Every structure is written in structure tokens, then in C-alpha cells.
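Participant: Structure: upload_27.txt, compact mmCIF, C-alpha atoms and all ligand atoms.
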# COMPACT_ATOMS: atom_id res chain seq x y z
CA MET A 1 2.58 5.13 32.23
CA GLY A 2 4.09 4.99 28.74
CA VAL A 3 3.78 7.47 25.89
CA PHE A 4 0.76 7.73 23.62
CA ILE A 5 1.29 9.34 20.19
CA THR A 6 -1.38 9.71 17.50
CA PHE A 7 -1.27 10.63 13.81
CA GLU A 8 -3.99 12.69 12.15
CA GLY A 9 -4.39 14.30 8.76
CA PRO A 10 -6.56 14.48 5.67
CA GLU A 11 -6.86 11.59 3.20
CA GLY A 12 -3.64 10.93 1.31
CA SER A 13 -1.38 12.83 3.71
CA GLY A 14 0.90 9.81 4.09
CA LYS A 15 0.28 9.40 7.80
CA SER A 16 0.13 5.60 7.70
CA THR A 17 3.56 5.50 5.99
CA GLN A 18 5.01 7.94 8.53
CA ALA A 19 3.51 6.03 11.44
CA ARG A 20 5.21 2.87 10.16
CA LEU A 21 8.56 4.65 9.66
CA LEU A 22 8.45 6.02 13.20
CA TYR A 23 7.51 2.60 14.53
CA GLU A 24 10.49 0.99 12.77
CA ARG A 25 12.85 3.70 13.97
CA LEU A 26 11.79 3.43 17.62
CA GLN A 27 11.93 -0.33 17.47
CA ALA A 28 15.45 -0.21 16.01
CA GLN A 29 16.43 2.08 18.89
CA GLY A 30 15.31 -0.61 21.32
CA TYR A 31 12.13 1.05 22.59
CA PRO A 32 9.10 -1.05 23.51
CA VAL A 33 6.60 0.20 20.92
CA ILE A 34 3.43 -0.89 19.16
CA LEU A 35 1.69 0.54 16.09
CA THR A 36 -2.04 0.33 15.69
CA ARG A 37 -4.80 2.05 13.74
CA GLU A 38 -8.36 3.28 13.85
CA PRO A 39 -10.89 2.12 13.10
CA GLY A 40 -9.46 -1.34 13.74
CA GLY A 41 -6.41 -2.60 15.57
CA THR A 42 -8.23 -5.45 17.31
CA ARG A 43 -10.10 -8.46 15.94
CA ILE A 44 -13.45 -6.89 16.85
CA GLY A 45 -12.36 -3.43 15.71
CA GLU A 46 -11.28 -4.71 12.28
CA MET A 47 -14.73 -6.28 11.84
CA ILE A 48 -16.34 -2.95 12.73
CA ARG A 49 -13.98 -1.25 10.26
CA ARG A 50 -15.25 -3.43 7.44
CA ILE A 51 -18.82 -2.36 8.18
CA LEU A 52 -17.82 1.31 8.34
CA ILE A 53 -15.91 1.57 5.08
CA ASP A 54 -18.10 -0.69 2.93
CA LEU A 55 -19.16 1.30 -0.15
CA ARG A 56 -22.52 -0.54 -0.19
CA HIS A 57 -23.54 0.87 3.20
CA THR A 58 -24.98 4.09 1.81
CA GLU A 59 -27.92 3.95 4.24
CA MET A 60 -25.77 4.18 7.38
CA ALA A 61 -27.17 6.83 9.74
CA PRO A 62 -24.68 9.39 11.11
CA THR A 63 -25.43 8.23 14.67
CA THR A 64 -24.67 4.63 13.73
CA GLU A 65 -21.42 5.73 12.10
CA THR A 66 -20.39 7.73 15.18
CA LEU A 67 -21.19 4.90 17.56
CA LEU A 68 -19.39 2.31 15.44
CA PHE A 69 -16.19 4.40 15.35
CA SER A 70 -16.54 4.83 19.11
CA ALA A 71 -17.20 1.13 19.69
CA ALA A 72 -14.06 0.19 17.75
CA ARG A 73 -12.14 2.79 19.78
CA ALA A 74 -13.47 1.47 23.11
CA GLN A 75 -12.26 -2.00 22.22
CA LEU A 76 -8.84 -0.74 21.12
CA VAL A 77 -8.32 1.36 24.24
CA SER A 78 -9.31 -1.42 26.62
CA GLU A 79 -7.73 -4.37 24.79
CA LEU A 80 -4.48 -2.82 23.56
CA ILE A 81 -3.69 0.82 24.31
CA ARG A 82 -4.23 1.03 28.08
CA PRO A 83 -2.59 -2.33 28.89
CA TYR A 84 0.49 -1.42 26.78
CA LEU A 85 0.79 2.05 28.30
CA LYS A 86 0.61 0.45 31.74
CA THR A 87 3.72 -1.60 30.93
CA GLY A 88 5.51 1.69 30.20
CA GLY A 89 5.65 1.25 26.40
CA ILE A 90 5.07 3.62 23.50
CA VAL A 91 1.78 3.38 21.58
CA LEU A 92 1.55 4.84 18.06
CA CYS A 93 -1.97 5.10 16.68
CA ASP A 94 -2.93 5.98 13.10
CA ARG A 95 -5.98 8.20 13.87
CA TYR A 96 -7.80 8.45 17.20
CA ALA A 97 -10.66 10.40 18.79
CA ASP A 98 -9.71 13.69 17.09
CA SER A 99 -10.86 12.10 13.82
CA THR A 100 -14.34 11.70 15.28
CA PHE A 101 -14.49 15.40 16.14
CA ALA A 102 -13.16 16.37 12.70
CA TYR A 103 -15.12 13.89 10.53
CA GLN A 104 -18.37 13.28 12.40
CA GLY A 105 -18.40 16.63 14.22
CA TYR A 106 -17.18 19.29 11.79
CA GLY A 107 -17.66 17.13 8.67
CA LEU A 108 -21.10 15.63 9.29
CA GLY A 109 -22.34 18.31 11.67
CA ARG A 110 -22.82 16.11 14.74
CA ASP A 111 -23.14 17.99 18.02
CA LEU A 112 -19.67 18.44 19.53
CA GLU A 113 -20.84 18.23 23.14
CA GLU A 114 -22.50 14.91 22.39
CA LEU A 115 -19.29 13.67 20.78
CA HIS A 116 -17.36 14.67 23.90
CA LEU A 117 -19.69 12.53 25.98
CA ILE A 118 -19.52 9.51 23.68
CA THR A 119 -15.74 9.81 23.31
CA GLY A 120 -15.32 10.11 27.07
CA VAL A 121 -17.22 6.86 27.52
CA ALA A 122 -15.28 5.08 24.75
CA THR A 123 -11.81 6.14 25.91
CA GLY A 124 -12.33 6.61 29.64
CA GLY A 125 -10.81 10.05 29.04
CA LEU A 126 -7.51 8.78 27.62
CA LEU A 127 -5.81 11.61 25.66
CA PRO A 128 -2.67 11.33 23.53
CA ASP A 129 0.53 12.89 24.89
CA LEU A 130 1.30 14.13 21.38
CA THR A 131 -0.74 14.36 18.16
CA LEU A 132 1.10 14.78 14.86
CA TYR A 133 -0.97 16.45 12.16
CA LEU A 134 0.26 15.85 8.61
CA ASP A 135 -0.92 18.92 6.82
CA LEU A 136 -1.76 18.70 3.12
CA ASP A 137 -4.12 20.52 0.79
CA VAL A 138 -7.40 18.54 0.74
CA GLU A 139 -7.64 18.31 -3.04
CA ALA A 140 -4.01 17.27 -3.40
CA GLY A 141 -4.53 14.53 -0.80
CA LEU A 142 -7.65 13.14 -2.46
CA GLN A 143 -5.84 13.20 -5.78
CA ARG A 144 -2.92 11.22 -4.27
CA LYS A 145 -5.35 8.67 -2.88
CA ARG A 146 -7.21 8.35 -6.20
CA LEU A 147 -3.96 7.78 -8.02
CA ALA A 148 -3.00 5.08 -5.54
CA ARG A 149 -6.42 3.50 -6.01
CA ASP A 150 -6.15 3.53 -9.81
CA ARG A 151 -2.72 1.94 -9.63
CA THR A 152 -4.05 -0.82 -7.37
CA LEU A 153 -7.00 -1.37 -9.70
CA GLU A 154 -4.76 -1.61 -12.71
CA VAL A 155 -2.62 -4.25 -10.99
CA ALA A 156 -5.56 -6.25 -9.62
CA HIS A 157 -7.73 -6.03 -12.73
CA PRO A 158 -5.67 -4.94 -15.75
CA GLY A 159 -7.71 -2.81 -18.10
CA SER A 160 -10.73 -2.83 -15.78
CA THR A 161 -12.54 0.31 -14.68
CA PHE A 162 -15.60 -1.19 -13.00
CA ALA A 163 -14.27 -3.37 -10.17
CA THR A 164 -14.74 -2.14 -6.60
CA PRO A 165 -11.69 0.01 -5.81
CA PRO A 166 -9.93 -1.58 -2.85
CA GLU A 167 -8.28 1.63 -1.65
CA TRP A 168 -11.28 3.90 -2.05
CA ASN A 169 -13.77 3.58 0.78
CA ARG A 170 -17.22 4.88 1.70
CA LEU A 171 -15.71 7.75 3.68
CA ASP A 172 -13.27 8.86 0.97
CA ALA A 173 -16.15 8.96 -1.50
CA ARG A 174 -17.77 11.94 0.27
CA ASP A 175 -17.60 15.25 -1.59
CA LEU A 176 -14.84 17.82 -1.53
CA ALA A 177 -16.84 20.24 0.64
CA TYR A 178 -17.07 17.52 3.31
CA HIS A 179 -13.32 16.95 3.28
CA GLN A 180 -12.75 20.70 3.47
CA ARG A 181 -15.00 20.98 6.55
CA VAL A 182 -12.99 18.14 8.08
CA ALA A 183 -9.70 19.99 7.44
CA ALA A 184 -11.13 23.20 8.92
CA GLY A 185 -12.27 21.12 11.91
CA PHE A 186 -8.75 19.81 12.47
CA ALA A 187 -7.45 23.39 12.32
CA GLU A 188 -9.95 24.37 15.02
CA LEU A 189 -8.99 21.40 17.21
CA MET A 190 -5.33 22.44 16.94
CA ARG A 191 -6.16 26.02 17.89
CA ARG A 192 -7.97 24.80 21.00
CA GLU A 193 -5.19 22.55 22.28
CA PRO A 194 -1.91 23.85 20.83
CA ALA A 195 0.27 22.12 23.43
CA ARG A 196 -0.76 18.63 22.34
CA TRP A 197 -0.59 19.12 18.55
CA ARG A 198 2.28 19.55 16.09
CA CYS A 199 1.30 20.59 12.58
CA LEU A 200 3.81 19.30 10.00
CA ASP A 201 4.03 20.02 6.28
CA ALA A 202 3.15 16.80 4.41
CA GLU A 203 4.21 18.27 1.05
CA GLN A 204 7.91 17.86 1.90
CA SER A 205 9.77 14.66 1.03
CA LEU A 206 9.00 11.49 2.90
CA GLU A 207 12.52 11.43 4.39
CA GLN A 208 12.45 15.05 5.56
CA LEU A 209 9.06 14.58 7.17
CA ALA A 210 10.22 11.41 8.91
CA GLU A 211 13.20 13.30 10.36
CA GLN A 212 10.96 16.09 11.57
CA ILE A 213 8.62 13.60 13.23
CA ALA A 214 11.53 11.81 14.90
CA ALA A 215 12.78 15.13 16.29
CA GLU A 216 9.33 15.95 17.73
CA VAL A 217 9.03 12.55 19.34
CA GLU A 218 12.52 12.23 20.81
CA PRO A 219 12.10 14.40 23.92
CA LEU A 220 8.90 12.56 24.81
CA VAL A 221 10.27 9.04 24.60
CA GLN A 222 13.61 9.76 26.27
CA GLY A 223 12.32 8.61 29.64
CA VAL A 224 11.04 5.27 28.33
CA ALA A 225 13.17 2.31 29.42
CA ARG A 226 14.68 0.53 26.41
CA LEU A 227 14.44 -3.23 26.03
CA GLU A 228 17.37 -5.43 27.01
CA SER A 229 19.29 -6.61 24.00
CA TYR A 230 21.31 -9.80 23.83
CA GLY A 231 22.54 -9.06 20.31
P1 LIG A 301 -8.60 4.72 6.15
O1 LIG A 301 -8.60 3.93 4.90
O2 LIG A 301 -7.82 4.22 7.31
O3 LIG A 301 -8.19 6.20 5.78
P2 LIG A 301 -6.87 7.00 6.09
O4 LIG A 301 -5.78 6.26 5.40
O5 LIG A 301 -7.12 8.36 5.53
O6 LIG A 301 -6.74 7.02 7.61
O7 LIG A 301 -10.11 4.93 6.58
C1 LIG A 301 -10.44 5.57 7.72
C2 LIG A 301 -11.50 6.57 7.38
O8 LIG A 301 -12.34 6.74 8.50
C3 LIG A 301 -10.94 7.94 7.02
O9 LIG A 301 -11.70 8.45 5.95
C4 LIG A 301 -11.26 8.76 8.25
C5 LIG A 301 -12.49 8.12 8.80
N1 LIG A 301 -12.71 8.26 10.25
C6 LIG A 301 -13.84 8.92 10.72
O10 LIG A 301 -14.66 9.40 9.93
N2 LIG A 301 -14.05 9.01 12.07
C7 LIG A 301 -13.20 8.46 12.98
O11 LIG A 301 -13.42 8.55 14.21
C8 LIG A 301 -12.04 7.77 12.49
C9 LIG A 301 -11.07 7.13 13.45
C10 LIG A 301 -11.83 7.68 11.11
Could you rewrite the structure in this file as C-alpha cells?
Ligand code: TYD
Facilitator:
Amino acid sequence: MGVFITFEGPEGSGKSTQARLLYERLQAQGYPVILTREPGGTRIGEMIRRILIDLRHTEMAPTTETLLFSAARAQLVSELIRPYLKTGGIVLCDRYADSTFAYQGYGLGRDLEELHLITGVATGGLLPDLTLYLDLDVEAGLQRKRLARDRTLEVAHPGSTFATPPEWNRLDARDLAYHQRVAAGFAELMRREPARWRCLDAEQSLEQLAEQIAAEVEPLVQGVARLESYG
């Protein structure tokens, strides 16, 4: 079996950037590694993602939302994650099942036992070897994401304030109290399983954080066979 590493954090914590930096670093070191994300990562999963984040889908029931995240996850685990781990490679995933506990469980108030059941079915019980939590104040993170959205809007539609923001999705648009419950939920998840989680300060510079992440990951990937190089 390979090594399965996931990234979690509030909106705007920079986890997608850090996941990519780690991916590039491991690849440069000759490790067999893939980077994927949730919801998405497969053809079917990316279609489910579009349904989930669509700002028009205001009528989506919490159960539907939970099952769609889980359906995308089931596809990702069976199509990509398990087969790659079986070859002995490293899988990096931008969000995973912990997001369901934090967002749908603590955030939306779904029953945690029920989520355990659904998640068990979706993943077949596959747990990450390591979960990196990029810790950032909720308001600061939302502010970062809004700024990024406004910049994108300005580029795509100069002077426009009414176009649909491409970087601002249905789930970001929930209120601050929701995002704070999510962050408290992540804190609870970390308390319950301290051995699997590392909580890292996402306020530090991008480079410092990347170094810290690399140091956390190194002991885990040491046993992974590197690819032959003819270069
Ligand atoms: P995305 O744009 O990828 O956000 P981020 O960059 O913060 O990861 O959108 C994913 C959104 O879906 C994000 O708001 C978190 C949410 N989410 C859940 O609510 N439940 C889940 O199980 C997962 C995987 C994500």
C-alpha cells in the first residue's frame, strides 16, 4: 500500500496551492505521486461538483448535498485513490471525508453517526495516513477568497459587478456563523484523532508553510520506492 495524504482547512487557507507545491516537490524527487481534489477528481465527480457548487441550486436539501459529496467520493476512491495506493504510490487529496463531518455535520447539523455510516459506504473505510490542516481565522480566509473573486471578476468583466463570480460558490456563500461552526468542527475532529492530524499555521508565508509541510510528509514517504530515471 502507498501513502494517502489529505489537506483540509477553511475557505481561503491556501490548501490547494500547498497541495500543488507538495505534489511538484515529490514529483521532482522522483516519487510516484498524484494530486486530486474533492468534490471532483474524476469525470463523474467533476460533474457532481458542478451540481454541488452551482449558486442557483438554493433548493438543495441537506441530505441531497451530503449524498452528492459522498457519491463523488465513492467514485474517486474506487476509480483513482485505491488503485493508485495499490501500486504503492502517494495520493494527495485536496479535501476528503473530514470535510463532510466538518461542513455537513458540524456546519449543517447533520447527525454524525449517520455521516459515519454514509462515509463508510462511500470510502470502504479508507482513512488518510496523514491529514494536514491549514489553520486560518475564518473571517480572514473568507476575505482572502472574496478578494481573489473580485480580482477574477475584474479581469473577466472589467468594471462589472453583476456577473456570476467564478470563484465564489454556493458553499462559500453561507454565513459567517456557518463557517465558524465548520472551523470548530475541524478542531473537534483533530482532538479526537490527534495522531492522524497536523495543524499548521496558514498565516505564515507560502514558502515557510511549504517547508513545514514537506518536513511533516518526509518520514511518511521515505519507504515509497522512487521511479527509475533515465535522465
Ligand atoms: P472549493 O471551491 O474546492 O473550495 P476550497 O477551495 O475551499 O476547497 O469548493 C469545495 C467546497 O465544498 C468547500 O466550500 C467545502 C465544501 N465541501 C463540503 O461541504 N463537504 C465535503 O464533503 C467536501 C469535500 C467539500
Participant: What is the CA of Tyr96 in chain A to CA of Ala225 in chain A distance in Å?
Facilitator: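 These two atoms are separated by 25.0 Å.
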Participant: Given the choices A:Leu127, A:Asp175, A:Ala122, A:Met47, which gets closest to Glu139 in chain A if the distance is worked out from all atoms listed in the file?
Facilitator: A:Asp175
Participant: What is the CA of Glu8 in chain A-CA of Thr131 in chain A distance in Å, reported with one decimal?
Facilitator: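 If I compute the distance from CA of Glu8 in chain A to CA of Thr131 in chain A, I get 7.0 Å.
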Participant: Given the choices A:Ala72, A:Ala177, A:Ala61, A:Ile34, which gets closest to ligand LIG 301 (chain A) if the distance is worked out from all atoms listed in the file?
Facilitator: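 Among the listed residues, the smallest separation from ligand LIG 301 (chain A) belongs to A:Ala72.
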Participant: Which protein, DNA or RNA residues have an atom within 7 Å of ligand LIG 301 (chain A), counting all atoms listed in the file, as a list of chain:residue names?
Facilitator: A:Pro10, A:Glu11, A:Gly12, A:Ser16, A:Glu38, A:Pro39, A:Ile53, A:Phe69, A:Ser70, A:Asp94, A:Arg95, A:Tyr96, A:Ala97, A:Asp98, A:Ser99, A:Thr100, A:Tyr103, A:Gln104, A:Glu167, A:Asn169, A:Leu171, A:Asp172
Participant: Give the answer as one residue: which of A:Leu176, A:Leu227, A:Val121, A:Ala214 has the shortest atom-to-atom distance to Ala71 in chain A, using all atoms listed in the file?
Facilitator: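 Closest to Ala71 in chain A of all the choices is A:Val121.
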Participant: Tell me, as a PyMOL selection string, which residues lie within 10 Å of Gly41 in chain A, counting only C-alpha atoms; anything in the same chain fewer than 3 positions away does not count.
Facilitator: chain A and resi 35-38+44-47+49+72-73+75-77+79-81+93-94
Participant: Using only C-alpha atoms, can you tell me which of A:Gln180, A:Ser205, A:Leu130, A:Thr66 comes closest to Glu193 in chain A?
Facilitator: A:Leu130
Participant: Mind giving me the straight-line distance from CA of Gly107 in chain A to CA of Gly125 in chain A in Å, one decimal?
Facilitator: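 Rounded to one decimal, the two atoms are 22.6 Å apart.
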Participant: Could you check the closest approach to Gly223 in chain A for each of A:Ala183, A:Ile90, A:Met190, A:Leu117 and tell me which residue wins, using all atoms listed in the file?
Facilitator: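 Under the stated criterion, the closest residue is A:Ile90.
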Participant: If we count only C-alpha atoms and set the cut-off at 12 Å, which residues sit around Arg144 in chain A, ignoring sequence neighbours fewer than 2 positions away in its own chain? Please answer as a count of residues only.
Facilitator: 23
Participant: With distances taken over only C-alpha atoms, which residue among A:Gly2, A:Pro83, A:Gly105, A:Pro62 lies nearest Ala184 in chain A?
Facilitator: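 Distance minimum relative to Ala184 in chain A lands on A:Gly105.
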Participant: Counting all atoms listed in the file, I want the residues whose atoms come within 12 Å of (6.2, 3.7, 7.9) in the file frame, returned as a list in words.
Facilitator: Phe7, Gly14, Lys15, Ser16, Thr17, Gln18, Ala19, Arg20, Leu21, Leu22, Tyr23, Glu24, Arg25, Leu26, Gln27, Leu35, Thr36, Leu92, Asp94, Leu206, Glu207, Leu209, Ala210, Ile213 and Ala214 of chain A
Participant: Find the residues near Ala187 in chain A: any atom within 10 Å, counting only C-alpha atoms, skip ones fewer than 3 places away on the same chain, and give them as number ranges by chain.
Facilitator: A: 102, 133, 135, 181-184, 190-192, 199
Participant: Let me know the centre plus edge lengths, in Å and rounded to one decimal, of a box with edges along x, y and z that contains all listed atoms of range 187-206 of chain A and is padded by 3 Å on every side, as lines of an AutoDock Vina configuration file.
Facilitator:
center_x = -0.1
center_y = 18.8
center_z = 12.2
size_x = 25.7
size_y = 20.5
size_z = 28.4
Participant: Please list as a list in words every residue within 9 Å of Gly88 in chain A, counting all atoms listed in the file and excluding residues in the same chain fewer than 4 positions away.
Facilitator: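 Listing them by chain and then by number gives Met1, Gly2, Val3, Pro32, Tyr84, Val224 and Ala225 of chain A.
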